[in-house]
file my_file.pdb (PDB, C-alpha atoms, pLDDT in the B column)
ATOM      1  CA  MET B  11       0.876  55.000  82.525  1.00 47.00           C
ATOM      2  CA  ILE B  12       4.512  55.421  81.466  1.00 50.00           C
ATOM      3  CA  LYS B  13       5.977  58.811  82.264  1.00 53.00           C
ATOM      4  CA  ASN B  14       8.804  60.333  80.240  1.00 52.00           C
ATOM      5  CA  ALA B  15       8.949  57.486  77.764  1.00 52.00           C
ATOM      6  CA  ILE B  16       7.908  58.653  74.352  1.00 53.00           C
ATOM      7  CA  ILE B  17      10.658  57.615  71.985  1.00 55.00           C
ATOM      8  CA  TYR B  18      11.088  58.834  68.433  1.00 56.00           C
ATOM      9  CA  ARG B  19      13.466  57.525  65.833  1.00 58.00           C
ATOM     10  CA  VAL B  20      14.885  60.509  64.017  1.00 59.00           C
ATOM     11  CA  THR B  21      15.865  59.646  60.447  1.00 59.00           C
ATOM     12  CA  SER B  22      16.993  63.125  59.497  1.00 63.00           C
ATOM     13  CA  LEU B  23      17.231  66.500  61.164  1.00 60.00           C
ATOM     14  CA  PRO B  24      16.793  69.899  59.571  1.00 60.00           C
ATOM     15  CA  ALA B  25      20.081  71.622  58.952  1.00 61.00           C
ATOM     16  CA  ARG B  26      19.484  74.150  61.715  1.00 71.00           C
ATOM     17  CA  LEU B  27      18.547  73.601  65.334  1.00 70.00           C
ATOM     18  CA  ASP B  28      16.275  76.647  65.393  1.00 76.00           C
ATOM     19  CA  GLN B  29      14.051  74.955  62.766  1.00 76.00           C
ATOM     20  CA  VAL B  30      13.575  71.964  65.079  1.00 74.00           C
ATOM     21  CA  GLU B  31      12.799  74.207  68.051  1.00 75.00           C
ATOM     22  CA  GLN B  32      10.308  76.273  66.013  1.00 78.00           C
ATOM     23  CA  ALA B  33       8.475  73.145  64.844  1.00 77.00           C
ATOM     24  CA  LEU B  34       8.239  71.788  68.398  1.00 76.00           C
ATOM     25  CA  ALA B  35       7.053  75.146  69.755  1.00 79.00           C
ATOM     26  CA  LYS B  36       3.954  74.834  67.519  1.00 83.00           C
ATOM     27  CA  VAL B  37       2.662  71.850  69.532  1.00 78.00           C
ATOM     28  CA  PRO B  38       3.038  72.728  73.230  1.00 78.00           C
ATOM     29  CA  PHE B  39       1.802  70.339  75.890  1.00 75.00           C
ATOM     30  CA  VAL B  40      -1.504  71.301  77.518  1.00 76.00           C
ATOM     31  CA  GLU B  41      -2.714  69.347  80.547  1.00 75.00           C
ATOM     32  CA  CYS B  42      -5.805  67.288  79.868  1.00 71.00           C
ATOM     33  CA  GLY B  43      -9.132  68.230  81.338  1.00 74.00           C
ATOM     34  CA  ALA B  44     -11.361  66.090  83.520  1.00 74.00           C
ATOM     35  CA  THR B  45     -12.998  64.395  80.530  1.00 78.00           C
ATOM     36  CA  GLN B  46      -9.854  63.779  78.467  1.00 72.00           C
ATOM     37  CA  GLU B  47      -8.100  60.424  78.632  1.00 72.00           C
ATOM     38  CA  LYS B  48      -4.701  61.768  77.602  1.00 70.00           C
ATOM     39  CA  SER B  49      -2.929  64.842  76.368  1.00 70.00           C
ATOM     40  CA  ILE B  50      -0.191  65.119  73.780  1.00 71.00           C
ATOM     41  CA  GLY B  51       2.312  67.895  73.183  1.00 72.00           C
ATOM     42  CA  TRP B  52       5.907  69.022  73.478  1.00 71.00           C
ATOM     43  CA  VAL B  53       7.585  69.763  76.798  1.00 67.00           C
ATOM     44  CA  PRO B  54      11.212  70.874  76.652  1.00 64.00           C
ATOM     45  CA  PRO B  55      13.401  68.384  78.550  1.00 61.00           C
ATOM     46  CA  ARG B  56      15.579  71.093  80.042  1.00 56.00           C
ATOM     47  CA  GLY B  57      15.256  74.751  80.799  1.00 52.00           C
ATOM     48  CA  ALA B  58      16.994  77.408  78.738  1.00 58.00           C
ATOM     49  CA  GLU B  59      19.582  77.820  81.484  1.00 60.00           C
ATOM     50  CA  HIS B  60      20.963  74.359  80.630  1.00 58.00           C
ATOM     51  CA  GLY B  61      21.806  75.164  77.028  1.00 59.00           C
ATOM     52  CA  ALA B  62      20.651  73.858  73.694  1.00 58.00           C
ATOM     53  CA  MET B  63      18.380  70.853  73.490  1.00 53.00           C
ATOM     54  CA  VAL B  64      20.642  69.208  70.904  1.00 60.00           C
ATOM     55  CA  ASP B  65      24.299  70.066  71.163  1.00 67.00           C
ATOM     56  CA  ASP B  66      26.973  69.362  68.545  1.00 74.00           C
ATOM     57  CA  GLU B  67      28.031  66.074  70.144  1.00 74.00           C
ATOM     58  CA  VAL B  68      24.476  64.683  70.075  1.00 72.00           C
ATOM     59  CA  ARG B  69      24.024  65.896  66.481  1.00 74.00           C
ATOM     60  CA  GLU B  70      27.220  64.035  65.495  1.00 80.00           C
ATOM     61  CA  HIS B  71      25.977  60.844  67.165  1.00 77.00           C
ATOM     62  CA  ILE B  72      22.640  61.040  65.330  1.00 75.00           C
ATOM     63  CA  ALA B  73      24.371  61.766  62.016  1.00 80.00           C
ATOM     64  CA  ALA B  74      26.596  58.717  62.560  1.00 84.00           C
ATOM     65  CA  GLY B  75      23.473  56.561  63.020  1.00 81.00           C
ATOM     66  CA  LYS B  76      23.977  55.937  66.726  1.00 79.00           C
ATOM     67  CA  LEU B  77      20.952  55.084  68.835  1.00 76.00           C
ATOM     68  CA  PRO B  78      20.545  54.862  72.619  1.00 75.00           C
ATOM     69  CA  THR B  79      21.131  51.425  74.112  1.00 81.00           C
ATOM     70  CA  LYS B  80      19.583  52.046  77.545  1.00 83.00           C
ATOM     71  CA  LEU B  81      16.689  54.166  78.707  1.00 82.00           C
ATOM     72  CA  ALA B  82      15.914  54.871  82.361  1.00 83.00           C
ATOM     73  CA  MET B  83      12.166  55.084  82.907  1.00 86.00           C
ATOM     74  CA  THR B  84       9.643  55.600  85.692  1.00 86.00           C
ATOM     75  CA  TRP B  85       6.167  54.115  85.490  1.00 86.00           C
ATOM     76  CA  ASP B  86       3.255  55.845  87.235  1.00 84.00           C
ATOM     77  CA  ASP B  87       5.590  57.363  89.872  1.00 82.00           C
ATOM     78  CA  ARG B  88       5.743  53.874  91.406  1.00 85.00           C
ATOM     79  CA  VAL B  89       8.375  51.742  89.610  1.00 89.00           C
ATOM     80  CA  SER B  90      11.650  52.757  88.017  1.00 89.00           C
ATOM     81  CA  PHE B  91      13.614  50.531  85.670  1.00 90.00           C
ATOM     82  CA  LEU B  92      16.131  50.443  82.848  1.00 89.00           C
ATOM     83  CA  LEU B  93      14.976  49.389  79.374  1.00 89.00           C
ATOM     84  CA  THR B  94      17.719  48.052  77.090  1.00 87.00           C
ATOM     85  CA  ASP B  95      17.891  48.083  73.315  1.00 84.00           C
ATOM     86  CA  CYS B  96      16.979  44.361  73.406  1.00 84.00           C
ATOM     87  CA  LEU B  97      13.797  45.345  75.312  1.00 86.00           C
ATOM     88  CA  GLN B  98      15.034  43.793  78.542  1.00 88.00           C
ATOM     89  CA  VAL B  99      13.728  45.351  81.741  1.00 91.00           C
ATOM     90  CA  ARG B 100      16.540  45.664  84.267  1.00 91.00           C
ATOM     91  CA  LYS B 101      17.282  47.356  87.577  1.00 90.00           C
ATOM     92  CA  ILE B 102      13.659  47.355  88.705  1.00 92.00           C
ATOM     93  CA  ALA B 103      13.196  49.538  91.779  1.00 90.00           C
ATOM     94  CA  PHE B 104       9.932  50.139  93.584  1.00 89.00           C
ATOM     95  CA  LEU B 105       9.557  53.702  94.789  1.00 86.00           C
ATOM     96  CA  ASP B 106       8.782  54.410  98.443  1.00 80.00           C
ATOM     97  CA  CYS B 107       5.058  54.961  97.904  1.00 80.00           C
ATOM     98  CA  VAL B 108       4.583  51.352  96.744  1.00 81.00           C
ATOM     99  CA  PHE B 109       5.267  49.869 100.178  1.00 77.00           C
ATOM    100  CA  ASP B 110       3.750  52.657 102.287  1.00 78.00           C
ATOM    101  CA  GLY B 111       1.539  51.249 105.002  1.00 72.00           C
ATOM    102  CA  THR B 112       3.058  47.771 105.050  1.00 70.00           C
ATOM    103  CA  LYS B 113       4.439  46.403 108.279  1.00 64.00           C
ATOM    104  CA  THR B 114       7.776  44.691 108.723  1.00 62.00           C
ATOM    105  CA  ASP B 115       6.476  41.678 110.652  1.00 61.00           C
ATOM    106  CA  GLU B 116       6.823  37.950 109.949  1.00 62.00           C
ATOM    107  CA  GLY B 117       4.589  38.116 106.882  1.00 64.00           C
ATOM    108  CA  GLY B 118       6.449  41.124 105.522  1.00 72.00           C
ATOM    109  CA  PHE B 119       8.275  39.211 102.809  1.00 78.00           C
ATOM    110  CA  ASP B 120       5.104  37.591 101.498  1.00 80.00           C
ATOM    111  CA  THR B 121       3.342  40.940 101.560  1.00 81.00           C
ATOM    112  CA  ASP B 122       6.175  42.648  99.696  1.00 84.00           C
ATOM    113  CA  VAL B 123       6.252  39.917  97.035  1.00 86.00           C
ATOM    114  CA  ALA B 124       2.471  40.186  96.541  1.00 87.00           C
ATOM    115  CA  ILE B 125       2.660  43.983  96.220  1.00 87.00           C
ATOM    116  CA  ALA B 126       5.631  43.831  93.827  1.00 88.00           C
ATOM    117  CA  THR B 127       3.891  41.208  91.678  1.00 91.00           C
ATOM    118  CA  GLY B 128       0.768  43.362  91.514  1.00 90.00           C
ATOM    119  CA  GLU B 129       2.760  46.410  90.427  1.00 91.00           C
ATOM    120  CA  LEU B 130       4.605  44.464  87.726  1.00 91.00           C
ATOM    121  CA  ALA B 131       1.325  42.948  86.516  1.00 93.00           C
ATOM    122  CA  LYS B 132       0.086  46.490  85.835  1.00 92.00           C
ATOM    123  CA  LEU B 133       3.390  47.823  84.459  1.00 90.00           C
ATOM    124  CA  ILE B 134       4.000  45.145  81.825  1.00 91.00           C
ATOM    125  CA  PRO B 135       0.841  45.744  79.730  1.00 90.00           C
ATOM    126  CA  ASP B 136       1.477  49.516  79.819  1.00 89.00           C
ATOM    127  CA  LEU B 137       5.079  49.011  78.717  1.00 88.00           C
ATOM    128  CA  ILE B 138       4.033  46.703  75.869  1.00 87.00           C
ATOM    129  CA  GLU B 139       1.471  49.277  74.716  1.00 85.00           C
ATOM    130  CA  ALA B 140       4.002  52.135  74.927  1.00 83.00           C
ATOM    131  CA  LEU B 141       6.405  50.135  72.760  1.00 81.00           C
ATOM    132  CA  GLY B 142       3.826  49.643  70.024  1.00 80.00           C
ATOM    133  CA  GLY B 143       1.918  46.589  71.196  1.00 79.00           C
ATOM    134  CA  ALA B 144       2.680  42.908  71.131  1.00 75.00           C
ATOM    135  CA  GLY B 145       4.154  41.722  67.838  1.00 66.00           C
ATOM    136  CA  SER B 146       3.093  38.583  66.099  1.00 50.00           C
ATOM    137  CA  ARG B 147       5.544  35.772  65.446  1.00 51.00           C
ATOM    138  CA  ALA B 148       5.422  33.874  62.190  1.00 42.00           C
TER
END

call {"tool": "encode", "arguments": {"input": "my_file.pdb", "output": "structure tokens"}}
result
Amino acid sequence: MIKNAIIYRVTSLPARLDQVEQALAKVPFVECGATQEKSIGWVPPRGAEHGAMVDDEVREHIAAGKLPTKLAMTWDDRVSFLLTDCLQVRKIAFLDCVFDGTKTDEGGFDTDVAIATGELAKLIPDLIEALGGAGSRA
């Protein structure tokens, strides 16, 4: 599962910020129940004390057609990484919980490599799915 990684391409924004906020307020996030596979909805990225969700500088960047080139992500509270605009995965870091319970003995390196490989083997299919699935090449 990818956390905090739903990306939208905004082609046009309503003239007023309050219209955007009103539209998003109509679809609030509700945690899924025991029988639901997933839940969808809007969660504000920052509290009201931090100011507007989209400030004038961001609005100018969007109007000029600028898009983000890097996105920091965390997968399943286990692996953090940086995804570039070329879909390169960089700066992979395993969070502390990944290596909990492993010993730092002679076989430590082999153990760490096996654990890291297992985590990446689970992350990659989730990342491909979150990005829209594997494309076909002609």

call {"tool": "closest_residue", "arguments": {"input": "my_file.pdb", "among": "B:Trp85, B:Phe109, B:Phe91, B:Trp52", "to": "Pro135 of chain B", "atoms": "all atoms listed in the file"}}
result
B:Trp85

call {"tool": "resolve_selection", "arguments": {"input": "my_file.pdb", "expression": "the PyMOL selection byres ((chain B and resi 108) around 12)", "output": "PDB file with C-alpha atoms, in the frame of the given file"}}
result
ATOM      1  CA  TRP B  85       6.167  54.115  85.490  1.00 86.00           C
ATOM      2  CA  ASP B  86       3.255  55.845  87.235  1.00 84.00           C
ATOM      3  CA  ASP B  87       5.590  57.363  89.872  1.00 82.00           C
ATOM      4  CA  ARG B  88       5.743  53.874  91.406  1.00 85.00           C
ATOM      5  CA  VAL B  89       8.375  51.742  89.610  1.00 89.00           C
ATOM      6  CA  SER B  90      11.650  52.757  88.017  1.00 89.00           C
ATOM      7  CA  ALA B 103      13.196  49.538  91.779  1.00 90.00           C
ATOM      8  CA  PHE B 104       9.932  50.139  93.584  1.00 89.00           C
ATOM      9  CA  LEU B 105       9.557  53.702  94.789  1.00 86.00           C
ATOM     10  CA  ASP B 106       8.782  54.410  98.443  1.00 80.00           C
ATOM     11  CA  CYS B 107       5.058  54.961  97.904  1.00 80.00           C
ATOM     12  CA  PHE B 109       5.267  49.869 100.178  1.00 77.00           C
ATOM     13  CA  ASP B 110       3.750  52.657 102.287  1.00 78.00           C
ATOM     14  CA  GLY B 111       1.539  51.249 105.002  1.00 72.00           C
ATOM     15  CA  THR B 112       3.058  47.771 105.050  1.00 70.00           C
ATOM     16  CA  THR B 121       3.342  40.940 101.560  1.00 81.00           C
ATOM     17  CA  ASP B 122       6.175  42.648  99.696  1.00 84.00           C
ATOM     18  CA  VAL B 123       6.252  39.917  97.035  1.00 86.00           C
ATOM     19  CA  ALA B 124       2.471  40.186  96.541  1.00 87.00           C
ATOM     20  CA  ILE B 125       2.660  43.983  96.220  1.00 87.00           C
ATOM     21  CA  ALA B 126       5.631  43.831  93.827  1.00 88.00           C
ATOM     22  CA  THR B 127       3.891  41.208  91.678  1.00 91.00           C
ATOM     23  CA  GLY B 128       0.768  43.362  91.514  1.00 90.00           C
ATOM     24  CA  GLU B 129       2.760  46.410  90.427  1.00 91.00           C
ATOM     25  CA  LEU B 130       4.605  44.464  87.726  1.00 91.00           C
TER      26      LEU B 130
END

call {"tool": "atom_distance", "arguments": {"input": "my_file.pdb", "atom1": "atom CA of Ile134 of chain B", "atom2": "atom CA of Thr79 of chain B"}}
result
19.8 Å

call {"tool": "atom_distance", "arguments": {"input": "my_file.pdb", "atom1": "atom CA of Leu137 of chain B", "atom2": "atom CA of Leu81 of chain B"}}
result
12.7 Å

call {"tool": "axis_aligned_box", "arguments": {"input": "my_file.pdb", "around": "segment 136-145 of chain B", "padding_each_side": "5 Å", "output": "lines of an AutoDock Vina configuration file"}}
result
center_x = 3.9
center_y = 46.9
center_z = 73.8
size_x = 14.9
size_y = 20.4
size_z = 22.0

call {"tool": "build_atoms", "arguments": {"input": "my_file.pdb", "residues": "segment 37-48 of chain B", "atoms": "all heavy atoms", "output": "PDB file, in the frame of the given file"}}
result
ATOM      1  N   VAL B  37       3.519  72.851  68.901  1.00 78.00           N
ATOM      2  CA  VAL B  37       2.662  71.850  69.532  1.00 78.00           C
ATOM      3  C   VAL B  37       2.989  71.729  71.024  1.00 78.00           C
ATOM      4  O   VAL B  37       3.458  70.707  71.497  1.00 78.00           O
ATOM      5  CB  VAL B  37       2.795  70.469  68.841  1.00 78.00           C
ATOM      6  CG1 VAL B  37       2.114  70.465  67.502  1.00 78.00           C
ATOM      7  CG2 VAL B  37       4.247  70.064  68.704  1.00 78.00           C
ATOM      8  N   PRO B  38       2.714  72.781  71.798  1.00 78.00           N
ATOM      9  CA  PRO B  38       3.038  72.728  73.230  1.00 78.00           C
ATOM     10  C   PRO B  38       2.104  71.782  73.981  1.00 78.00           C
ATOM     11  O   PRO B  38       0.956  71.574  73.577  1.00 78.00           O
ATOM     12  CB  PRO B  38       2.830  74.170  73.699  1.00 78.00           C
ATOM     13  CG  PRO B  38       1.798  74.701  72.758  1.00 78.00           C
ATOM     14  CD  PRO B  38       2.089  74.036  71.431  1.00 78.00           C
ATOM     15  N   PHE B  39       2.600  71.223  75.053  1.00 75.00           N
ATOM     16  CA  PHE B  39       1.802  70.339  75.890  1.00 75.00           C
ATOM     17  C   PHE B  39       0.799  71.163  76.683  1.00 75.00           C
ATOM     18  O   PHE B  39       1.120  72.192  77.248  1.00 75.00           O
ATOM     19  CB  PHE B  39       2.707  69.570  76.853  1.00 75.00           C
ATOM     20  CG  PHE B  39       1.940  68.717  77.820  1.00 75.00           C
ATOM     21  CD1 PHE B  39       1.415  67.505  77.420  1.00 75.00           C
ATOM     22  CD2 PHE B  39       1.735  69.131  79.123  1.00 75.00           C
ATOM     23  CE1 PHE B  39       0.702  66.711  78.303  1.00 75.00           C
ATOM     24  CE2 PHE B  39       1.027  68.343  80.012  1.00 75.00           C
ATOM     25  CZ  PHE B  39       0.510  67.133  79.602  1.00 75.00           C
ATOM     26  N   VAL B  40      -0.445  70.688  76.721  1.00 76.00           N
ATOM     27  CA  VAL B  40      -1.504  71.301  77.518  1.00 76.00           C
ATOM     28  C   VAL B  40      -2.097  70.176  78.361  1.00 76.00           C
ATOM     29  O   VAL B  40      -2.467  69.131  77.822  1.00 76.00           O
ATOM     30  CB  VAL B  40      -2.592  71.939  76.626  1.00 76.00           C
ATOM     31  CG1 VAL B  40      -3.691  72.525  77.467  1.00 76.00           C
ATOM     32  CG2 VAL B  40      -1.985  72.982  75.711  1.00 76.00           C
ATOM     33  N   GLU B  41      -2.165  70.384  79.676  1.00 75.00           N
ATOM     34  CA  GLU B  41      -2.714  69.347  80.547  1.00 75.00           C
ATOM     35  C   GLU B  41      -4.133  69.010  80.141  1.00 75.00           C
ATOM     36  O   GLU B  41      -4.903  69.873  79.739  1.00 75.00           O
ATOM     37  CB  GLU B  41      -2.680  69.805  82.001  1.00 75.00           C
ATOM     38  CG  GLU B  41      -1.288  69.862  82.573  1.00 75.00           C
ATOM     39  CD  GLU B  41      -1.289  70.114  84.066  1.00 75.00           C
ATOM     40  OE1 GLU B  41      -2.227  69.650  84.742  1.00 75.00           O
ATOM     41  OE2 GLU B  41      -0.362  70.772  84.533  1.00 75.00           O
ATOM     42  N   CYS B  42      -4.470  67.722  80.265  1.00 71.00           N
ATOM     43  CA  CYS B  42      -5.805  67.288  79.868  1.00 71.00           C
ATOM     44  C   CYS B  42      -6.833  67.688  80.924  1.00 71.00           C
ATOM     45  O   CYS B  42      -6.521  67.801  82.102  1.00 71.00           O
ATOM     46  CB  CYS B  42      -5.841  65.788  79.611  1.00 71.00           C
ATOM     47  SG  CYS B  42      -5.240  64.757  80.924  1.00 71.00           S
ATOM     48  N   GLY B  43      -8.035  67.876  80.451  1.00 74.00           N
ATOM     49  CA  GLY B  43      -9.132  68.230  81.338  1.00 74.00           C
ATOM     50  C   GLY B  43      -9.733  66.992  81.988  1.00 74.00           C
ATOM     51  O   GLY B  43      -9.293  65.869  81.766  1.00 74.00           O
ATOM     52  N   ALA B  44     -10.741  67.181  82.759  1.00 74.00           N
ATOM     53  CA  ALA B  44     -11.361  66.090  83.520  1.00 74.00           C
ATOM     54  C   ALA B  44     -11.963  65.014  82.623  1.00 74.00           C
ATOM     55  O   ALA B  44     -12.035  63.859  83.011  1.00 74.00           O
ATOM     56  CB  ALA B  44     -12.433  66.655  84.436  1.00 74.00           C
ATOM     57  N   THR B  45     -12.358  65.368  81.409  1.00 78.00           N
ATOM     58  CA  THR B  45     -12.998  64.395  80.530  1.00 78.00           C
ATOM     59  C   THR B  45     -12.057  63.823  79.470  1.00 78.00           C
ATOM     60  O   THR B  45     -12.466  62.986  78.685  1.00 78.00           O
ATOM     61  CB  THR B  45     -14.202  65.028  79.815  1.00 78.00           C
ATOM     62  OG1 THR B  45     -13.747  66.159  79.055  1.00 78.00           O
ATOM     63  CG2 THR B  45     -15.256  65.458  80.816  1.00 78.00           C
ATOM     64  N   GLN B  46     -10.812  64.279  79.448  1.00 72.00           N
ATOM     65  CA  GLN B  46      -9.854  63.779  78.467  1.00 72.00           C
ATOM     66  C   GLN B  46      -9.065  62.609  79.034  1.00 72.00           C
ATOM     67  O   GLN B  46      -8.643  62.637  80.188  1.00 72.00           O
ATOM     68  CB  GLN B  46      -8.866  64.873  78.061  1.00 72.00           C
ATOM     69  CG  GLN B  46      -9.478  65.975  77.225  1.00 72.00           C
ATOM     70  CD  GLN B  46      -8.455  67.049  76.954  1.00 72.00           C
ATOM     71  OE1 GLN B  46      -8.053  67.745  77.877  1.00 72.00           O
ATOM     72  NE2 GLN B  46      -8.034  67.160  75.712  1.00 72.00           N
ATOM     73  N   GLU B  47      -8.862  61.585  78.193  1.00 72.00           N
ATOM     74  CA  GLU B  47      -8.100  60.424  78.632  1.00 72.00           C
ATOM     75  C   GLU B  47      -6.608  60.713  78.651  1.00 72.00           C
ATOM     76  O   GLU B  47      -5.883  60.256  79.530  1.00 72.00           O
ATOM     77  CB  GLU B  47      -8.375  59.253  77.691  1.00 72.00           C
ATOM     78  CG  GLU B  47      -7.655  57.991  78.080  1.00 72.00           C
ATOM     79  CD  GLU B  47      -7.958  56.854  77.137  1.00 72.00           C
ATOM     80  OE1 GLU B  47      -9.067  56.793  76.589  1.00 72.00           O
ATOM     81  OE2 GLU B  47      -7.074  56.021  76.945  1.00 72.00           O
ATOM     82  N   LYS B  48      -6.121  61.456  77.656  1.00 70.00           N
ATOM     83  CA  LYS B  48      -4.701  61.768  77.602  1.00 70.00           C
ATOM     84  C   LYS B  48      -4.492  63.094  76.896  1.00 70.00           C
ATOM     85  O   LYS B  48      -5.390  63.629  76.260  1.00 70.00           O
ATOM     86  CB  LYS B  48      -3.922  60.664  76.893  1.00 70.00           C
ATOM     87  CG  LYS B  48      -4.294  60.473  75.435  1.00 70.00           C
ATOM     88  CD  LYS B  48      -3.505  59.340  74.823  1.00 70.00           C
ATOM     89  CE  LYS B  48      -3.917  59.108  73.382  1.00 70.00           C
ATOM     90  NZ  LYS B  48      -3.139  58.032  72.780  1.00 70.00           N
TER      91      LYS B  48
END
